[in-house]
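Novice: My structure is stored as data_5.txt, with compact mmCIF, C-alpha atoms.
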```
# COMPACT_ATOMS: atom_id res chain seq x y z
CA MET A 1 80.69 135.97 153.43
CA SER A 2 78.70 132.78 153.96
CA THR A 3 77.01 132.24 157.28
CA ALA A 4 76.72 128.48 156.78
CA THR A 5 78.29 126.46 159.55
CA THR A 6 79.28 123.27 157.75
CA ASP A 7 82.80 122.18 158.67
CA ILE A 8 84.06 121.10 155.26
CA THR A 9 87.54 120.46 156.65
CA GLY A 10 86.35 117.74 159.02
CA LEU A 11 88.60 119.21 161.70
CA GLY A 12 85.89 120.36 164.06
CA MET A 13 86.00 124.08 163.35
CA ALA A 14 83.66 126.33 165.34
CA PHE A 15 81.64 128.99 163.58
CA GLY A 16 80.51 132.42 164.70
CA THR A 17 80.70 136.08 163.88
CA LEU A 18 83.89 138.07 163.48
CA GLU A 19 83.12 139.83 166.75
CA GLU A 20 82.66 136.55 168.59
CA GLY A 21 85.94 135.28 167.24
CA ARG A 22 87.94 138.39 168.07
CA ALA A 23 86.67 138.16 171.66
CA TRP A 24 88.69 134.95 172.04
CA ALA A 25 91.99 136.83 172.24
CA GLY A 26 93.60 136.01 175.57
CA ARG A 27 91.82 132.69 176.09
CA THR A 28 93.95 129.73 177.16
CA SER A 29 93.15 126.05 176.70
CA GLU A 30 93.11 123.47 179.42
CA PRO A 31 96.36 121.48 179.39
CA LYS A 32 96.07 118.33 177.32
CA GLN A 33 98.45 115.43 177.13
CA ALA A 34 99.45 113.97 173.77
CA TRP A 35 97.79 110.65 173.06
CA PHE A 36 100.99 108.77 173.75
CA PRO A 37 104.66 109.46 174.35
CA ILE A 38 107.01 110.24 171.48
CA ASP A 39 108.03 106.91 170.03
CA ARG A 40 110.71 105.74 167.67
CA SER A 41 108.40 104.88 164.79
CA MET A 42 107.05 108.44 164.71
CA VAL A 43 110.59 109.77 164.62
CA LEU A 44 111.80 107.51 161.83
CA TYR A 45 108.73 107.96 159.62
CA TYR A 46 109.19 111.72 159.92
CA CYS A 47 112.89 111.48 159.10
CA SER A 48 111.99 109.36 156.06
CA LEU A 49 109.59 112.06 154.89
CA VAL A 50 112.28 114.75 154.73
CA GLU A 51 115.21 112.34 154.19
CA ASP A 52 116.95 113.42 157.38
CA ALA A 53 119.92 111.12 158.12
CA ASN A 54 120.81 112.69 161.48
CA PRO A 55 122.24 109.86 163.63
CA ARG A 56 120.74 111.42 166.76
CA TYR A 57 117.39 110.25 165.34
CA TRP A 58 118.30 107.01 163.56
CA GLU A 59 120.79 105.72 166.14
CA GLY A 60 119.97 107.78 169.22
CA ASP A 61 116.85 108.61 171.20
CA GLU A 62 116.16 112.16 170.04
CA CYS A 63 113.15 113.50 168.16
CA PRO A 64 113.21 116.13 165.42
CA PRO A 65 111.74 119.35 166.83
CA GLY A 66 109.66 119.73 163.69
CA LEU A 67 107.49 116.88 164.91
CA LEU A 68 106.28 118.69 168.04
CA MET A 69 103.12 120.06 166.44
CA THR A 70 102.09 116.49 165.60
CA LEU A 71 101.63 115.82 169.29
CA GLY A 72 98.60 118.13 169.34
CA PHE A 73 96.68 116.10 166.76
CA ASN A 74 94.16 113.49 167.87
CA PRO A 75 93.69 110.13 166.13
CA GLN A 76 91.26 110.29 163.22
CA TRP A 77 89.01 107.76 164.92
CA THR A 78 88.75 106.39 168.42
CA PRO A 79 86.35 104.10 170.23
CA GLU A 80 83.55 106.24 171.56
CA HIS A 81 84.52 105.84 175.21
CA LEU A 82 88.02 107.16 174.47
CA HIS A 83 86.91 110.13 172.39
CA ARG A 84 88.49 113.48 173.27
CA ASP A 85 87.09 116.73 171.99
CA ASP A 86 90.32 118.71 172.31
CA SER A 87 91.53 119.33 168.78
CA LEU A 88 93.65 122.38 167.99
CA PHE A 89 92.47 125.27 170.14
CA ALA A 90 92.72 127.76 167.27
CA LEU A 91 90.03 125.80 165.45
CA ASN A 92 87.65 126.39 168.36
CA VAL A 93 87.66 130.13 167.73
CA PRO A 94 84.16 130.85 166.36
CA LEU A 95 84.52 132.64 163.03
CA PRO A 96 82.74 132.84 159.68
CA GLY A 97 85.51 131.39 157.48
CA HIS A 98 85.26 127.86 156.09
CA HIS A 99 88.89 127.41 155.01
CA ILE A 100 92.19 127.54 156.85
CA ILE A 101 95.79 127.77 155.76
CA ASN A 102 98.80 128.19 157.95
CA ALA A 103 100.75 131.39 157.42
CA SER A 104 103.77 131.10 159.72
CA THR A 105 105.28 129.40 162.73
CA THR A 106 108.01 130.52 165.10
CA THR A 107 109.41 127.79 167.30
CA GLU A 108 111.76 128.40 170.24
CA LEU A 109 113.36 125.35 171.81
CA GLU A 110 114.53 124.90 175.39
CA ARG A 111 115.93 121.42 174.75
CA ARG A 112 115.93 118.61 172.22
CA PRO A 113 112.71 116.53 172.35
CA ARG A 114 113.36 112.84 173.06
CA VAL A 115 111.71 109.48 172.55
CA GLY A 116 109.70 108.82 175.71
CA ASP A 117 108.68 112.43 176.32
CA HIS A 118 104.98 112.46 177.09
CA VAL A 119 104.18 115.98 176.09
CA SER A 120 101.50 118.22 177.56
CA ILE A 121 100.20 121.10 175.50
CA VAL A 122 98.70 124.45 176.49
CA GLU A 123 97.45 126.80 173.79
CA GLU A 124 96.71 130.52 174.12
CA ILE A 125 94.89 132.63 171.55
CA VAL A 126 97.20 135.63 171.38
CA SER A 127 95.24 137.66 168.87
CA VAL A 128 92.60 137.54 166.16
CA SER A 129 93.27 140.17 163.53
CA PRO A 130 90.75 142.49 161.91
CA GLU A 131 89.36 141.14 158.65
CA LYS A 132 91.84 141.24 155.78
CA THR A 133 91.78 140.29 152.12
CA THR A 134 94.73 138.36 150.71
CA ARG A 135 95.26 136.80 147.32
CA ILE A 136 93.50 133.62 148.50
CA GLY A 137 90.48 135.11 150.25
CA THR A 138 89.03 137.26 153.00
CA GLY A 139 89.34 136.36 156.64
CA VAL A 140 91.36 136.81 159.78
CA PHE A 141 94.78 135.79 161.08
CA ILE A 142 94.64 133.81 164.34
CA THR A 143 97.88 133.96 166.32
CA SER A 144 98.26 131.27 168.97
CA LEU A 145 101.05 130.36 171.37
CA THR A 146 101.51 126.68 172.17
CA THR A 147 103.72 125.55 175.03
CA TYR A 148 105.03 121.97 175.00
CA SER A 149 106.09 120.53 178.36
CA ASP A 150 107.26 117.06 179.31
CA GLN A 151 105.73 114.74 181.91
CA HIS A 152 107.86 116.43 184.59
CA GLY A 153 106.59 119.91 183.80
CA GLU A 154 109.79 121.00 182.05
CA VAL A 155 109.15 123.22 179.02
CA ILE A 156 110.55 121.72 175.81
CA ALA A 157 109.44 124.38 173.35
CA ARG A 158 107.08 127.22 172.56
CA ASN A 159 105.49 127.66 169.15
CA THR A 160 103.75 130.76 167.87
CA ASN A 161 101.45 129.89 164.99
CA VAL A 162 99.64 132.23 162.61
CA LEU A 163 96.65 130.65 160.89
CA PHE A 164 94.55 132.34 158.19
CA ARG A 165 90.85 131.49 158.51
CA TYR A 166 89.05 132.65 155.38
CA ASP A 167 86.46 132.34 152.65
CA ILE A 168 87.18 132.68 148.98
CA THR A 169 85.81 135.96 147.70
CA ALA A 170 85.52 137.61 144.33
CA ARG A 171 88.98 138.96 143.57
CA ASP A 172 89.51 142.64 144.11
CA THR A 173 93.25 142.99 143.97
CA SER A 174 93.19 146.60 145.12
CA ALA A 175 92.39 145.46 148.66
CA GLU A 176 94.78 142.52 148.83
CA THR A 177 97.51 142.26 151.39
CA GLU A 178 100.22 139.76 152.18
CA GLU A 179 100.72 141.19 155.61
CA GLN A 180 100.34 139.21 158.76
CA PRO A 181 99.66 140.58 162.19
CA MET B 1 134.55 110.03 163.05
CA THR B 2 131.98 110.22 165.86
CA ALA B 3 128.84 112.27 165.98
CA THR B 4 130.45 114.62 168.50
CA THR B 5 133.21 115.77 166.16
CA ALA B 6 131.51 115.57 162.77
CA GLY B 7 129.98 119.00 162.46
CA LEU B 8 130.74 122.67 162.34
CA ARG B 9 131.96 124.48 165.41
CA PHE B 10 131.20 128.09 166.23
CA ASP B 11 134.66 129.25 165.13
CA ASP B 12 134.28 127.46 161.78
CA VAL B 13 131.43 129.71 160.68
CA ALA B 14 131.58 133.26 159.31
CA VAL B 15 128.89 135.75 158.43
CA GLY B 16 128.15 135.34 154.73
CA ASP B 17 128.76 131.59 154.67
CA GLU B 18 126.16 129.74 152.63
CA ILE B 19 124.62 126.48 153.73
CA THR B 20 124.85 123.48 151.43
CA PRO B 21 121.67 123.59 149.30
CA VAL B 22 119.29 120.66 149.69
CA SER B 23 116.68 119.60 147.12
CA ILE B 24 113.93 117.01 147.35
CA PRO B 25 111.43 115.98 144.65
CA ILE B 26 107.81 116.42 145.65
CA THR B 27 105.43 113.70 144.51
CA TYR B 28 101.89 112.70 145.43
CA LYS B 29 103.50 109.90 147.43
CA ARG B 30 105.61 112.32 149.47
CA ILE B 31 102.60 114.52 150.22
CA CYS B 32 100.67 111.43 151.36
CA MET B 33 103.70 110.53 153.49
CA ASN B 34 103.55 114.10 154.82
CA ALA B 35 100.01 113.59 156.14
CA ALA B 36 100.66 110.11 157.50
CA ALA B 37 103.98 110.85 159.18
CA THR B 38 102.75 114.03 160.87
CA TRP B 39 99.12 113.08 161.59
CA ASP B 40 98.12 116.30 159.81
CA TRP B 41 94.91 115.20 158.13
CA PHE B 42 93.78 118.65 157.11
CA PRO B 43 92.24 117.80 153.69
CA GLY B 44 94.38 120.29 151.77
CA HIS B 45 97.22 117.82 152.28
CA HIS B 46 95.48 114.67 150.99
CA ASP B 47 92.26 115.57 149.11
CA PRO B 48 92.86 117.26 145.73
CA GLU B 49 89.20 118.22 145.37
CA TYR B 50 89.22 120.01 148.71
CA ALA B 51 92.57 121.63 147.93
CA ARG B 52 91.16 123.07 144.70
CA SER B 53 88.06 124.30 146.57
CA GLN B 54 90.32 126.43 148.77
CA GLY B 55 92.07 127.95 145.78
CA GLN B 56 95.06 125.57 145.51
CA GLN B 57 96.19 123.67 142.39
CA THR B 58 96.03 120.32 144.20
CA ILE B 59 97.30 118.90 147.49
CA TYR B 60 100.34 120.64 148.88
CA LEU B 61 103.10 120.28 151.46
CA SER B 62 102.29 121.15 155.06
CA THR B 63 103.86 123.26 157.77
CA LEU B 64 105.32 120.18 159.43
CA PHE B 65 107.10 119.15 156.24
CA PHE B 66 108.81 122.52 156.09
CA HIS B 67 109.81 122.29 159.75
CA GLY B 68 111.54 119.00 159.08
CA PHE B 69 113.00 119.98 155.73
CA VAL B 70 114.53 123.19 157.04
CA ASP B 71 115.91 121.41 160.11
CA ARG B 72 117.29 118.60 157.94
CA GLY B 73 119.12 121.11 155.74
CA LEU B 74 120.58 122.85 158.76
CA GLY B 75 121.69 119.51 160.20
CA ASP B 76 123.22 118.39 156.91
CA TRP B 77 125.25 121.59 156.84
CA ALA B 78 126.20 122.04 160.50
CA GLY B 79 126.24 118.45 161.73
CA PRO B 80 124.30 116.60 164.40
CA ASP B 81 125.70 118.59 167.32
CA ALA B 82 124.10 121.80 166.09
CA LEU B 83 121.19 122.61 168.39
CA LEU B 84 118.22 124.43 166.90
CA ARG B 85 117.20 127.24 169.26
CA ARG B 86 114.74 129.10 167.06
CA ARG B 87 113.11 128.61 163.68
CA LYS B 88 110.60 130.83 161.91
CA ILE B 89 108.93 129.84 158.65
CA SER B 90 106.43 131.85 156.59
CA MET B 91 104.45 130.10 153.89
CA ILE B 92 103.83 132.50 151.04
CA LYS B 93 103.41 130.00 148.18
CA SER B 94 102.44 126.32 148.16
CA ILE B 95 104.57 123.49 146.79
CA TYR B 96 102.77 120.80 144.75
CA PRO B 97 103.48 117.34 143.29
CA GLY B 98 105.78 117.53 140.30
CA GLN B 99 107.83 120.35 141.80
CA THR B 100 111.16 120.26 143.60
CA ALA B 101 111.64 121.87 147.01
CA THR B 102 115.07 123.42 147.45
CA LEU B 103 116.49 124.91 150.64
CA THR B 104 119.16 127.58 150.48
CA GLY B 105 120.47 129.96 153.10
CA ARG B 106 123.32 131.93 154.56
CA VAL B 107 124.74 133.04 157.86
CA VAL B 108 123.66 136.56 158.75
CA GLY B 109 124.97 136.86 162.30
CA LYS B 110 127.12 135.33 165.04
CA ARG B 111 126.91 136.05 168.75
CA GLU B 112 127.99 134.60 172.05
CA VAL B 113 125.35 134.57 174.79
CA ASP B 114 126.09 133.21 178.26
CA GLY B 115 128.98 131.19 176.92
CA THR B 116 127.05 129.67 174.03
CA GLY B 117 127.81 130.29 170.36
CA LEU B 118 124.74 131.27 168.37
CA VAL B 119 124.56 131.55 164.59
CA ASP B 120 121.69 133.32 162.87
CA LEU B 121 120.65 132.30 159.37
CA GLU B 122 118.30 133.51 156.66
CA LEU B 123 116.83 130.66 154.65
CA MET B 124 114.51 130.06 151.72
CA VAL B 125 112.58 127.07 150.48
CA SER B 126 111.88 127.54 146.79
CA SER B 127 110.19 125.63 144.00
CA GLU B 128 110.36 126.09 140.24
CA GLU B 129 107.74 128.82 140.81
CA GLY B 130 110.15 130.86 142.95
CA PRO B 131 110.40 131.62 146.68
CA CYS B 132 107.81 129.73 148.75
CA VAL B 133 108.87 129.60 152.41
CA PRO B 134 111.19 132.36 153.65
CA SER B 135 112.63 131.25 156.95
CA GLU B 136 114.99 132.18 159.76
CA ALA B 137 116.87 130.02 162.23
CA THR B 138 119.24 130.31 165.14
CA LEU B 139 121.62 127.42 165.74
CA GLN B 140 123.75 126.84 168.80
CA LEU B 141 127.10 125.43 167.71
CA PRO B 142 129.76 123.82 169.90
CA THR B 143 132.42 126.21 171.17
CA GLY B 144 135.89 125.67 172.52
CA PRO B 145 138.46 123.03 171.60
CA VAL B 146 137.41 119.89 169.77
CA ARG B 147 136.92 116.93 172.09
CA SER B 148 138.84 113.81 171.22
```
Translate this structure into structure tokens?
Specialist:
Amino acid sequence: MSTATTDITGLGMAFGTLEEGRAWAGRTSEPKQAWFPIDRSMVLYYCSLVEDANPRYWEGDECPPGLLMTLGFNPQWTPEHLHRDDSLFALNVPLPGHHIINASTTTELERRPRVGDHVSIVEEIVSVSPEKTTRIGTGVFITSLTTYSDQHGEVIARNTNVLFRYDITARDTSAETEEQP
Amino acid sequence: MTATTAGLRFDDVAVGDEITPVSIPITYKRICMNAAATWDWFPGHHDPEYARSQGQQTIYLSTLFFHGFVDRGLGDWAGPDALLRRRKISMIKSIYPGQTATLTGRVVGKREVDGTGLVDLELMVSSEEGPCVPSEATLQLPTGPVRS
């Protein structure tokens, strides 16, 4: 596996050894607030994407729960004095792999998200698996738990995400697995 | 008909019921919309060269698309009063431009918890290449008599 530390994704991934990465299990991020509250344009662009005609979104003030993960993404560029170095916590786990692909998400909702919710996000690294080889490469599964709360501290939802961080390796199908942790 | 009476109620649903299938054509435009609408600028979703470097055919749909697509299909079937309580998706195969994403599913369980009516579903997003995103969901449906 390459030891180069070039972030070819442009997402700010941290690099390190497998042992360094696995030691991150149990770490929790500082709370961060989304760049701005959920707004109507976000909701309607998202509904356009999946052609969702739900009147709660088009004629009401609710937000599709599928959009919650968006609130953790930072703008692609900011003026220097507004820069925040708090991209997805799972990408901060130092590991050898240069590629990522999401494997699964499990979202549990306490209430419907709404336009005007200014969401705060806390992320916990639940586990970093031993190294595994799948059909797309060799790497580890990072399981993280993200809690989304509103500006009043009320939990809106919790999302468990499993991300595969890997490098492409010569194919040896005898060792491949589709399993996740 | 108002939004509060348009959808399925807990008593309307039986184990084995199938949701109304939903299909959507996937184009380069929709995958670009996917990145822009969700702020997910991971290059696998907008840069074909990067996508191929990670072993993909070209750019592909993201997690957040599948969240919205699954939820849209559930809402189309159950109506706007259905409340999503839980959704799990697992991405086992990518979906690319030129393919069609189709959601199917069926009711696998019903239960009442603390006075709420919960319906459990098994779902699948498929393309012409076969199953891509096996999923599960739990919906809370209105119980009791229909309000006028």
Novice: Please measure the separation of CA of Gly75 (chain B) and CA of Phe36 (chain A), giving the value in Å to one decimal.
Specialist: 27.0 Å
Novice: Between A:Leu145, A:Val50, A:Ile168, A:Ala103, which is the closest to Ser135 (chain B) once you count all atoms listed in the file?
Specialist: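 The shortest atom-to-atom distance to Ser135 (chain B) comes from A:Ala103.
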Novice: With only C-alpha atoms as the atoms that count, which of A:Arg22, A:Tyr46, A:Phe73, A:Thr133 lies nearest to Trp41 (chain B)?
Specialist: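 Smallest distance to Trp41 (chain B) is found for A:Phe73.
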Novice: Quick check, in Å to one decimal: how far apart do CA of Leu84 (chain B) and CA of Leu141 (chain B) lie?
Specialist: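 Value for the CA of Leu84 (chain B)-CA of Leu141 (chain B) distance: 9.0 Å.
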Novice: Select, as a PyMOL selection string, those residues of chain B with any atom no more than 8 Å from chain A (distances computed using all atoms listed in the file).
Specialist: chain B and resi 3+24+30+33-34+37-43+54-55+63-65+67-69+71-72+75-76+79-80+83-92
Novice: Near Val108 (chain B), within 10 Å and counting only C-alpha atoms, which residues show up once chain neighbours fewer than 5 positions away are dropped, as number ranges by chain?
Specialist: B: 14-18, 119-123, 136, 138
Novice: Just give me the gap between CA of Glu19 (chain A) and CA of Pro130 (chain A) in Å, one decimal is fine.
Specialist: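 Between CA of Glu19 (chain A) and CA of Pro130 (chain A) the gap is 9.4 Å.
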Novice: Which residue, A:Ser149, A:Thr134, A:Gln33, A:Ser129, has the smallest gap to Leu18 (chain A) when you use all atoms listed in the file?
Specialist: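 Nearest to Leu18 (chain A): A:Ser129.
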Novice: Pick from B:Pro25, B:Pro145, B:Pro131, B:Gly44: nearest to Gly98 (chain B), with all atoms listed in the file counted?
Specialist: B:Pro25
Novice: Which residues, written as number ranges by chain, have at least one atom at most 8 Å from Arg114 (chain A), with only C-alpha atoms counted and residues fewer than 4 positions away on the same chain left out?
Specialist: A: 38, 61-63
Novice: Pick out the residues sitting within 10 Å of Val93 (chain A), and hand them over as a count of residues only; count only C-alpha atoms, and ignore anything fewer than 4 positions along from it in its own chain.
Specialist: 19
Novice: Using all atoms listed in the file, find the one residue out of A:Val119, A:Val155, A:Val126, A:Leu91 that sits nearest to Thr143 (chain A).
Specialist: A:Val126
Novice: If you count only C-alpha atoms, which residues fall within 7 Å of Pro97 (chain B), apart from same-chain ones fewer than 5 positions away, as a PyMOL selection string?
Specialist: chain B and resi 26-28
Novice: Identify which of the residues A:Pro37, A:Pro96, A:Pro113, A:Gly12 lies closest to Gly60 (chain A), counting all atoms listed in the file when measuring atom-to-atom distances.
Specialist: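 When distances to Gly60 (chain A) are compared using all atoms listed in the file, the smallest one comes from A:Pro113.
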